[in-house]
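Visitor: Pasting target_30.txt below, which is compact mmCIF, C-alpha atoms.
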# COMPACT_ATOMS: atom_id res chain seq x y z
CA MET A 1 100.20 86.96 -48.86
CA LYS A 2 101.38 84.44 -46.26
CA ILE A 3 104.61 82.52 -46.94
CA GLY A 4 104.81 79.10 -45.23
CA TYR A 5 107.90 77.74 -43.51
CA ARG A 6 108.17 74.97 -46.14
CA THR A 7 108.41 77.60 -48.89
CA ILE A 8 111.09 79.46 -46.94
CA LYS A 9 113.08 76.23 -46.48
CA THR A 10 112.84 75.48 -50.20
CA ALA A 11 113.94 79.02 -51.07
CA ILE A 12 116.97 78.69 -48.77
CA GLY A 13 117.87 75.05 -49.42
CA THR A 14 117.73 74.94 -53.23
CA PRO A 15 120.29 77.71 -53.96
CA LEU A 16 122.43 76.56 -51.00
CA ALA A 17 122.69 73.02 -52.42
CA ILE A 18 123.52 74.39 -55.89
CA TRP A 19 126.19 76.69 -54.39
CA ILE A 20 127.85 73.85 -52.45
CA ALA A 21 127.79 71.54 -55.49
CA GLU A 22 129.27 74.32 -57.62
CA LEU A 23 131.91 74.94 -54.94
CA PHE A 24 132.97 71.28 -55.25
CA GLN A 25 133.10 71.80 -59.04
CA LEU A 26 130.63 68.97 -59.67
CA ASN A 27 129.16 68.37 -63.09
CA ASN A 28 125.40 69.03 -63.39
CA TYR A 29 125.57 70.90 -60.04
CA VAL A 30 122.03 72.31 -60.55
CA SER A 31 120.66 68.82 -59.91
CA ALA A 32 121.69 69.10 -56.23
CA GLY A 33 119.13 71.92 -55.91
CA ILE A 34 116.45 69.81 -57.61
CA ILE A 35 117.07 66.96 -55.15
CA THR A 36 116.84 69.36 -52.18
CA LEU A 37 113.59 70.79 -53.53
CA LEU A 38 112.09 67.28 -53.82
CA CYS A 39 113.23 66.27 -50.32
CA ILE A 40 111.71 69.24 -48.42
CA GLN A 41 108.63 67.73 -46.77
CA PRO A 42 105.99 69.02 -44.30
CA THR A 43 107.18 66.73 -41.45
CA ARG A 44 110.47 65.27 -40.20
CA LYS A 45 109.26 61.70 -40.66
CA LYS A 46 108.25 62.31 -44.28
CA SER A 47 111.57 64.05 -44.87
CA PHE A 48 113.56 61.05 -43.60
CA LEU A 49 111.46 58.66 -45.67
CA SER A 50 111.69 60.85 -48.76
CA SER A 51 115.47 61.05 -48.39
CA TRP A 52 115.84 57.30 -48.01
CA HIS A 53 113.57 56.62 -51.02
CA ARG A 54 115.51 59.01 -53.23
CA PHE A 55 118.95 57.84 -52.13
CA GLY A 56 118.01 54.16 -52.56
CA ALA A 57 116.41 54.75 -55.96
CA CYS A 58 119.39 56.80 -57.21
CA VAL A 59 121.93 54.13 -56.21
CA LEU A 60 119.73 51.52 -57.88
CA ALA A 61 119.51 53.68 -61.03
CA ILE A 62 123.31 53.93 -61.21
CA VAL A 63 123.61 50.13 -61.03
CA PHE A 64 120.96 49.59 -63.75
CA ALA A 65 122.50 52.30 -65.95
CA PHE A 66 125.99 50.82 -65.69
CA VAL A 67 124.80 47.31 -66.58
CA LEU A 68 122.53 48.27 -69.49
CA PHE A 69 124.33 51.28 -70.99
CA GLU A 70 127.75 49.66 -70.82
CA GLY A 71 126.37 46.22 -71.72
CA ILE A 72 124.08 47.17 -74.66
CA GLY A 73 124.97 50.72 -75.58
CA TYR A 74 123.89 54.32 -75.30
CA TYR A 75 120.71 54.22 -77.39
CA PRO A 76 117.28 55.76 -76.69
CA TYR A 77 115.55 52.36 -76.70
CA VAL A 78 117.92 51.22 -73.91
CA ILE A 79 116.46 53.98 -71.70
CA GLY A 80 112.99 52.49 -72.33
CA LEU A 81 114.26 49.00 -71.51
CA LEU A 82 115.98 50.30 -68.39
CA LEU A 83 112.77 51.96 -67.16
CA LEU A 84 110.80 48.76 -67.83
CA LEU A 85 113.12 46.96 -65.43
CA PHE A 86 113.89 49.81 -63.03
CA ILE A 87 110.36 51.01 -62.14
CA PRO A 88 108.98 47.56 -61.13
CA THR A 89 112.12 47.06 -59.01
CA THR A 90 111.54 50.35 -57.14
CA ILE A 91 107.94 49.28 -56.52
CA LYS A 92 109.15 45.94 -55.17
CA LEU A 93 111.66 47.68 -52.88
CA HIS A 94 109.13 50.38 -51.81
CA VAL A 95 111.25 53.31 -53.04
CA THR A 96 108.92 54.60 -55.77
CA PRO A 97 109.00 58.26 -54.55
CA GLY A 98 112.62 58.30 -55.73
CA ILE A 99 111.79 57.56 -59.38
CA VAL A 100 111.77 61.23 -60.45
CA THR A 101 115.13 62.02 -58.80
CA SER A 102 116.75 58.86 -60.11
CA SER A 103 115.50 59.66 -63.63
CA VAL A 104 117.58 62.85 -63.52
CA ILE A 105 120.66 60.77 -62.58
CA LEU A 106 119.88 58.27 -65.35
CA LEU A 107 119.80 61.03 -67.97
CA HIS A 108 123.12 62.39 -66.68
CA LEU A 109 124.69 58.95 -67.14
CA TYR A 110 123.12 58.52 -70.58
CA SER A 111 124.35 61.90 -71.83
CA SER A 112 127.89 61.18 -70.60
CA ARG A 113 128.22 58.25 -73.10
CA GLU A 114 130.67 56.61 -70.68
CA ILE A 115 130.14 55.64 -67.05
CA THR A 116 133.39 56.04 -65.12
CA MET A 117 134.13 55.89 -61.40
CA LYS A 118 134.65 59.66 -61.43
CA LEU A 119 131.16 60.17 -62.89
CA ILE A 120 129.57 57.81 -60.33
CA VAL A 121 131.30 59.68 -57.49
CA ASN A 122 130.07 62.98 -58.99
CA GLU A 123 126.46 61.73 -59.02
CA LEU A 124 126.72 60.36 -55.46
CA TYR A 125 128.02 63.76 -54.27
CA LEU A 126 125.04 65.49 -55.92
CA ILE A 127 122.65 63.11 -54.17
CA ILE A 128 124.36 63.46 -50.77
CA ILE A 129 124.49 67.29 -50.95
CA GLY A 130 120.87 67.59 -52.11
CA ILE A 131 119.50 65.17 -49.51
CA GLY A 132 121.80 66.44 -46.74
CA ILE A 133 120.73 70.09 -47.09
CA ALA A 134 117.04 69.08 -47.06
CA LEU A 135 117.51 66.96 -43.92
CA LEU A 136 119.37 69.73 -42.11
CA LEU A 137 116.63 72.26 -42.90
CA ASN A 138 113.90 69.82 -41.89
CA LEU A 139 115.45 69.37 -38.43
CA TYR A 140 113.61 72.61 -37.61
CA MET A 141 109.85 72.26 -37.41
CA PRO A 142 107.78 75.00 -35.73
CA SER A 143 105.82 73.89 -32.68
CA LEU A 144 102.10 73.43 -33.24
CA ASP A 145 101.21 73.44 -29.53
CA GLN A 146 100.00 77.05 -29.45
CA ARG A 147 97.68 76.53 -32.43
CA LEU A 148 96.37 73.30 -30.90
CA ILE A 149 95.67 75.09 -27.60
CA GLN A 150 93.74 77.79 -29.49
CA MET A 151 91.69 75.09 -31.25
CA GLN A 152 91.08 73.36 -27.93
CA GLU A 153 89.79 76.58 -26.37
CA LYS A 154 87.51 77.33 -29.33
CA ILE A 155 86.06 73.79 -29.36
CA GLU A 156 85.37 74.00 -25.61
CA GLU A 157 83.72 77.39 -26.18
CA ASN A 158 81.44 75.83 -28.79
CA PHE A 159 80.64 72.86 -26.53
CA LYS A 160 79.56 75.31 -23.83
CA ALA A 161 77.30 77.13 -26.29
CA ILE A 162 75.71 73.88 -27.51
CA LEU A 163 75.05 72.63 -23.96
CA LYS A 164 73.65 76.04 -22.99
CA GLU A 165 71.27 76.01 -25.98
CA ILE A 166 70.07 72.52 -25.01
CA ALA A 167 69.36 73.83 -21.49
CA ILE A 168 67.41 76.82 -22.88
CA TYR A 169 65.26 74.58 -25.06
CA LEU A 170 64.53 72.14 -22.21
CA ARG A 171 63.46 75.05 -20.03
CA GLU A 172 61.68 77.33 -22.49
CA GLY A 173 61.06 75.32 -25.66
CA LYS A 174 62.57 78.10 -27.81
CA GLN A 175 64.20 77.31 -31.16
CA THR A 176 66.05 80.54 -32.00
CA TRP A 177 69.51 78.94 -32.16
CA THR A 178 71.20 79.01 -35.59
CA GLY A 179 73.38 75.95 -34.88
CA SER A 180 76.52 77.61 -36.30
CA GLU A 181 78.64 76.07 -33.52
CA ILE A 182 77.86 72.58 -34.86
CA THR A 183 79.37 73.25 -38.30
CA GLU A 184 82.31 75.17 -36.85
CA THR A 185 83.13 72.47 -34.29
CA ASP A 186 83.01 69.76 -36.95
CA GLN A 187 85.56 71.66 -39.05
CA LEU A 188 87.76 72.46 -36.04
CA LEU A 189 87.92 68.82 -34.96
CA GLU A 190 88.94 67.71 -38.46
CA GLN A 191 91.66 70.38 -38.61
CA ALA A 192 92.90 69.56 -35.10
CA GLU A 193 93.10 65.84 -35.88
CA ALA A 194 95.16 66.51 -39.03
CA MET A 195 97.44 68.91 -37.13
CA VAL A 196 98.04 66.42 -34.30
CA LEU A 197 99.00 63.70 -36.79
CA ARG A 198 101.36 66.14 -38.46
CA ASP A 199 102.95 67.03 -35.12
CA ILE A 200 103.39 63.33 -34.29
CA GLU A 201 105.33 62.92 -37.55
CA ASN A 202 107.58 65.81 -36.51
CA HIS A 203 108.65 63.80 -33.44
CA VAL A 204 109.89 60.60 -35.06
CA LEU A 205 110.69 58.73 -31.83
CA ARG A 206 107.56 59.82 -29.94
CA GLU A 207 104.57 57.51 -30.23
CA GLN A 208 102.15 59.43 -27.99
CA HIS A 209 100.91 62.99 -28.23
CA SER A 210 99.39 65.01 -25.40
CA PHE A 211 96.57 66.31 -27.63
CA TYR A 212 95.79 63.09 -29.54
CA ASP A 213 93.62 61.45 -26.88
CA TYR A 214 92.02 64.78 -26.00
CA PHE A 215 90.77 65.55 -29.51
CA THR A 216 89.72 61.92 -30.06
CA MET A 217 87.61 62.18 -26.90
CA ARG A 218 86.09 65.51 -27.99
CA LYS A 219 85.25 64.07 -31.42
CA LYS A 220 83.33 61.19 -29.82
CA GLN A 221 81.60 63.58 -27.42
CA PHE A 222 80.62 65.81 -30.33
CA GLU A 223 78.96 62.86 -32.09
CA LEU A 224 76.94 62.24 -28.92
CA LEU A 225 75.91 65.91 -28.76
CA ARG A 226 74.70 65.72 -32.35
CA ARG A 227 72.66 62.61 -31.47
CA MET A 228 71.05 64.47 -28.58
CA LEU A 229 69.71 67.34 -30.68
CA PRO A 230 67.01 65.34 -32.54
CA LEU A 231 65.81 63.91 -29.19
CA ILE A 232 65.37 67.39 -27.77
CA SER A 233 63.70 68.80 -30.90
CA GLN A 234 61.02 66.08 -30.66
CA MET A 235 59.86 67.35 -27.26
CA ASP A 236 56.85 69.64 -27.36
CA SER A 237 55.78 69.47 -23.71
CA PHE A 238 57.89 70.36 -20.70
CA HIS A 239 57.51 69.19 -17.11
CA GLU A 240 59.48 69.11 -13.87
CA GLN A 241 61.93 66.51 -15.24
CA SER A 242 62.69 68.74 -18.24
CA PHE A 243 63.53 71.64 -15.94
CA GLN A 244 65.80 69.41 -13.84
CA MET A 245 67.61 68.31 -16.99
CA ALA A 246 67.90 71.96 -18.07
CA ASP A 247 69.62 72.81 -14.76
CA PHE A 248 71.94 69.83 -15.25
CA PHE A 249 72.93 70.98 -18.77
CA ASP A 250 73.50 74.51 -17.45
CA ASP A 251 75.93 73.18 -14.84
CA LEU A 252 77.59 70.99 -17.46
CA SER A 253 78.10 73.93 -19.82
CA GLU A 254 79.99 75.79 -17.10
CA SER A 255 82.37 72.85 -16.60
CA VAL A 256 83.70 72.28 -20.12
CA HIS A 257 87.48 72.34 -19.71
CA PRO A 258 90.39 69.86 -19.77
CA GLY A 259 90.16 69.19 -16.01
CA ASN A 260 88.30 66.34 -14.28
CA THR A 261 84.66 67.22 -13.58
CA ALA A 262 83.11 64.05 -15.03
CA THR A 263 82.86 62.16 -11.72
CA VAL A 264 80.87 64.95 -10.04
CA HIS A 265 78.41 65.18 -12.95
CA LEU A 266 78.06 61.40 -13.15
CA ASN A 267 76.97 61.38 -9.48
CA THR A 268 74.40 64.11 -10.23
CA LEU A 269 73.22 62.10 -13.23
CA HIS A 270 72.79 59.03 -11.06
CA HIS A 271 70.54 61.00 -8.67
CA LEU A 272 68.54 62.34 -11.63
CA LYS A 273 67.95 58.82 -12.92
CA GLN A 274 66.83 57.70 -9.49
CA SER A 275 64.53 60.71 -9.19
CA PHE A 276 62.98 60.02 -12.63
CA SER A 277 62.43 56.35 -11.75
CA GLU A 278 60.64 57.24 -8.53
CA ALA A 279 58.40 59.89 -10.13
CA GLU A 280 54.74 59.21 -10.90
CA LEU A 281 53.98 57.51 -14.20
CA PRO A 282 53.09 59.86 -17.09
CA ALA A 283 49.37 60.55 -17.41
CA THR A 284 49.25 61.27 -21.16
CA ARG A 285 50.86 59.88 -24.29
CA GLN A 286 52.59 63.21 -24.90
CA GLU A 287 54.07 63.19 -21.41
CA PHE A 288 55.12 59.55 -21.89
CA GLU A 289 57.00 60.39 -25.11
CA THR A 290 58.70 63.36 -23.47
CA ARG A 291 59.77 61.20 -20.52
CA ALA A 292 61.09 58.51 -22.89
CA ASN A 293 63.19 61.10 -24.77
CA LEU A 294 64.52 62.42 -21.47
CA PHE A 295 65.61 58.92 -20.46
CA ARG A 296 67.40 58.49 -23.81
CA LEU A 297 68.99 61.90 -23.28
CA LEU A 298 70.21 60.76 -19.85
CA HIS A 299 71.83 57.73 -21.47
CA GLU A 300 73.58 59.83 -24.15
CA ILE A 301 74.91 62.39 -21.68
CA GLU A 302 76.13 59.56 -19.43
CA GLN A 303 78.21 58.21 -22.35
CA TYR A 304 79.45 61.76 -22.95
CA LEU A 305 80.71 61.99 -19.35
CA LEU A 306 82.19 58.49 -19.32
CA LEU A 307 84.37 59.41 -22.30
CA LYS A 308 85.87 62.26 -20.26
CA LYS A 309 86.32 60.04 -17.22
CA ARG A 310 88.24 57.45 -19.27
CA LEU A 311 90.52 60.14 -20.67
CA ILE A 312 91.41 61.41 -17.19
CA LYS A 313 92.20 57.86 -16.08
Show me, as C-alpha cells, the structure contained in the file I just sent.
Guide:
Amino acid sequence: MKIGYRTIKTAIGTPLAIWIAELFQLNNYVSAGIITLLCIQPTRKKSFLSSWHRFGACVLAIVFAFVLFEGIGYYPYVIGLLLLLFIPTTIKLHVTPGIVTSSVILLHLYSSREITMKLIVNELYLIIIGIGIALLLNLYMPSLDQRLIQMQEKIEENFKAILKEIAIYLREGKQTWTGSEITETDQLLEQAEAMVLRDIENHVLREQHSFYDYFTMRKKQFELLRRMLPLISQMDSFHEQSFQMADFFDDLSESVHPGNTATVHLNTLHHLKQSFSEAELPATRQEFETRANLFRLLHEIEQYLLLKKRLIK
C-alpha cells in the first residue's frame, strides 16, 4: 500500500496542531487539528487559497455570531437565521471553501452562551495555529521533474514506434500493428498535462513551466499522427513515392527527441514535394488516389514538424 505525501502531512500536522493548541491551554483545542486537516492541499497555491478562504470565513462568522447571538439570543433558530445571512455573504466574498471551518467556530460560540473578548481570542488562536501548521507543511512539495522526464521519454518512445509502423506499412503494406502505443500515448499526455498544471501551482510566483510548452506541442503532434493513420490505411497500392515516404518516416522515427531536428526534416520534405510534383501523372485511378493520400500525408507531417520548429524558437 502506497502512502502519499499529502497523507503523511495530514498525519503529522493534525496531532501537531492539537498539541500546540493544548499547550496554549485553548478551549476546544481539537478544532485546531480539524482546521489543519482541511487546509492540507495538493499544491502550494491551493493551500494559500484554502487558508485565506478559511481565515476570512472564520473572522466573518465571529462577527455574524456576535451580532446575532448577542442581539437576539442563543436559540437554535438564530443559528438558522445566521446561516441564511452568512452563506450568501461568503459566496459574495468568494470564501465559500471556509464555510465548514467557520461552522465549527460558530458552534463553539453558540455553546459558550456568551461571546467575550477572551473567547474571540481563543477562537482566533485556534484558526491561526491550524492554518499556520498547514501552511508550514505545504511549503514542502516534492519535485515532479523526474516523473515528467520519464513520461517525456515514454511518449517519445511511442512516437518512434508509431512513425516506424507508418514507414513499414508504406513500404510493405502490412497491417500487423496492434496500435497499443496510440492508447498509451493518449493516457500519458493527459497525465502529463495534469501533472504540469499541478507543478505550476506548486510554484506560486512562476508563470512558465519548462515542460508545459513541450507537452502541449506533443499533444498537437499526436493529434496529427492520429489523422495520418486513416490516410495510410486507405492505400492499397504502393509505388516509388510510397517508398520515398517510408524512408522519410524511418529517418523521422530516429529523430524523436527534445532537440532541434525539425529544420533538417522540413528541407527533406520540401525536396520530396518537389520530386512528387515533377513525377509523371498517375496512369490509373488507384494510383491517383494513392498519390492524393501521399500529398495529404505530406501536408500533415509538415504541420507536425512546424509545431516542433515553433517550440524551439
Visitor: Could you tell me, as a ChimeraX atom specification, which residues have any atom at most 12 Å from (69.8, 60.4, -17.2), counting all atoms listed in the file?
Guide: /A:241-242,244-246,248-249,265-277,291-305
Visitor: Excluding Met195 (chain A) and residues on its chain fewer than 3 positions from it, collect all residues at most 12 Å away from it, counting only C-alpha atoms, and give them as a VMD selection string.
Guide: chain A and resid 42 to 43 143 to 149 151 188 to 192 198 to 202 209 211 to 212 215
Visitor: Mind checking which residues fall within 8 Å of Ser31 (chain A), counting all atoms listed in the file, ignoring those fewer than 3 positions away in the same chain, and posting them as a PyMOL selection string?
Guide: chain A and resi 18+28+34-35+104+126+130
Visitor: What is the CA of Thr263 (chain A) to CA of Leu307 (chain A) distance in Å?
Guide: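 Between CA of Thr263 (chain A) and CA of Leu307 (chain A) the gap is 11.0 Å.
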Visitor: Provide the CA of Glu156 (chain A) to CA of Val256 (chain A) distance in Å, to one decimal place.
Guide: 6.0 Å
Visitor: Ranking A:Phe48, A:Ser112, A:Ala11, A:Leu68 by minimum distance to Asn27 (chain A) and counting all atoms listed in the file, which one comes first?
Guide: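 With all atoms listed in the file as the atom set, the closest residue is A:Ser112.
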Visitor: Point out the residue among A:Gln152, A:Asn138, A:Ser111, A:Thr90 with the least atom-to-atom distance to Tyr214 (chain A), counting only C-alpha atoms.
Guide: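 Between A:Gln152, A:Asn138, A:Ser111, A:Thr90, the residue approaching Tyr214 (chain A) most closely is A:Gln152.
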Visitor: Please provide the set of residues having any atom within 8 Å of Thr10 (chain A), restricted to only C-alpha atoms, with same-chain residues fewer than 2 positions apart removed, written as a ChimeraX atom specification.
Guide: /A:6-8,12-14,36-37,40
Visitor: Figure out the distance between CA of Ser51 (chain A) and CA of Ile131 (chain A), please, to one decimal in Å.
Guide: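 If I compute the distance from CA of Ile131 (chain A) to CA of Ser51 (chain A), I get 5.9 Å.
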Visitor: For Ile120 (chain A), list every protein, DNA or RNA residue within 10 Å, evaluated using only C-alpha atoms, and leave out those in the same chain fewer than 2 positions away; present the list as a list in words.
Guide: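 Counting only C-alpha atoms, the residues come to Val59, Ile62, Val63, Phe66, Ile105, Leu109, Ile115, Thr116, Met117, Lys118, Asn122, Glu123, Leu124, Tyr125 and Leu126 of chain A.
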Visitor: Which residue out of A:Ile182, A:Gln187, A:His108, A:Leu49 has the minimum interatomic distance to Val30 (chain A) when only C-alpha atoms are used?
Guide: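 Closest residue, counting only C-alpha atoms: A:His108.
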Visitor: Between A:Val67, A:Ile168, A:Leu60, A:Cys39, which is the closest to Pro97 (chain A) once you count only C-alpha atoms?
Guide: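 Going through A:Val67, A:Ile168, A:Leu60, A:Cys39 one by one, the smallest distance to Pro97 (chain A) is for A:Cys39.
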Visitor: Which residues, written as a PyMOL selection string, have at least one atom at most 12 Å from region 74-80 of chain A, with all atoms listed in the file counted and residues fewer than 2 positions away on the same chain left out?
Guide: chain A and resi 61+64-72+82-87+103+106-115
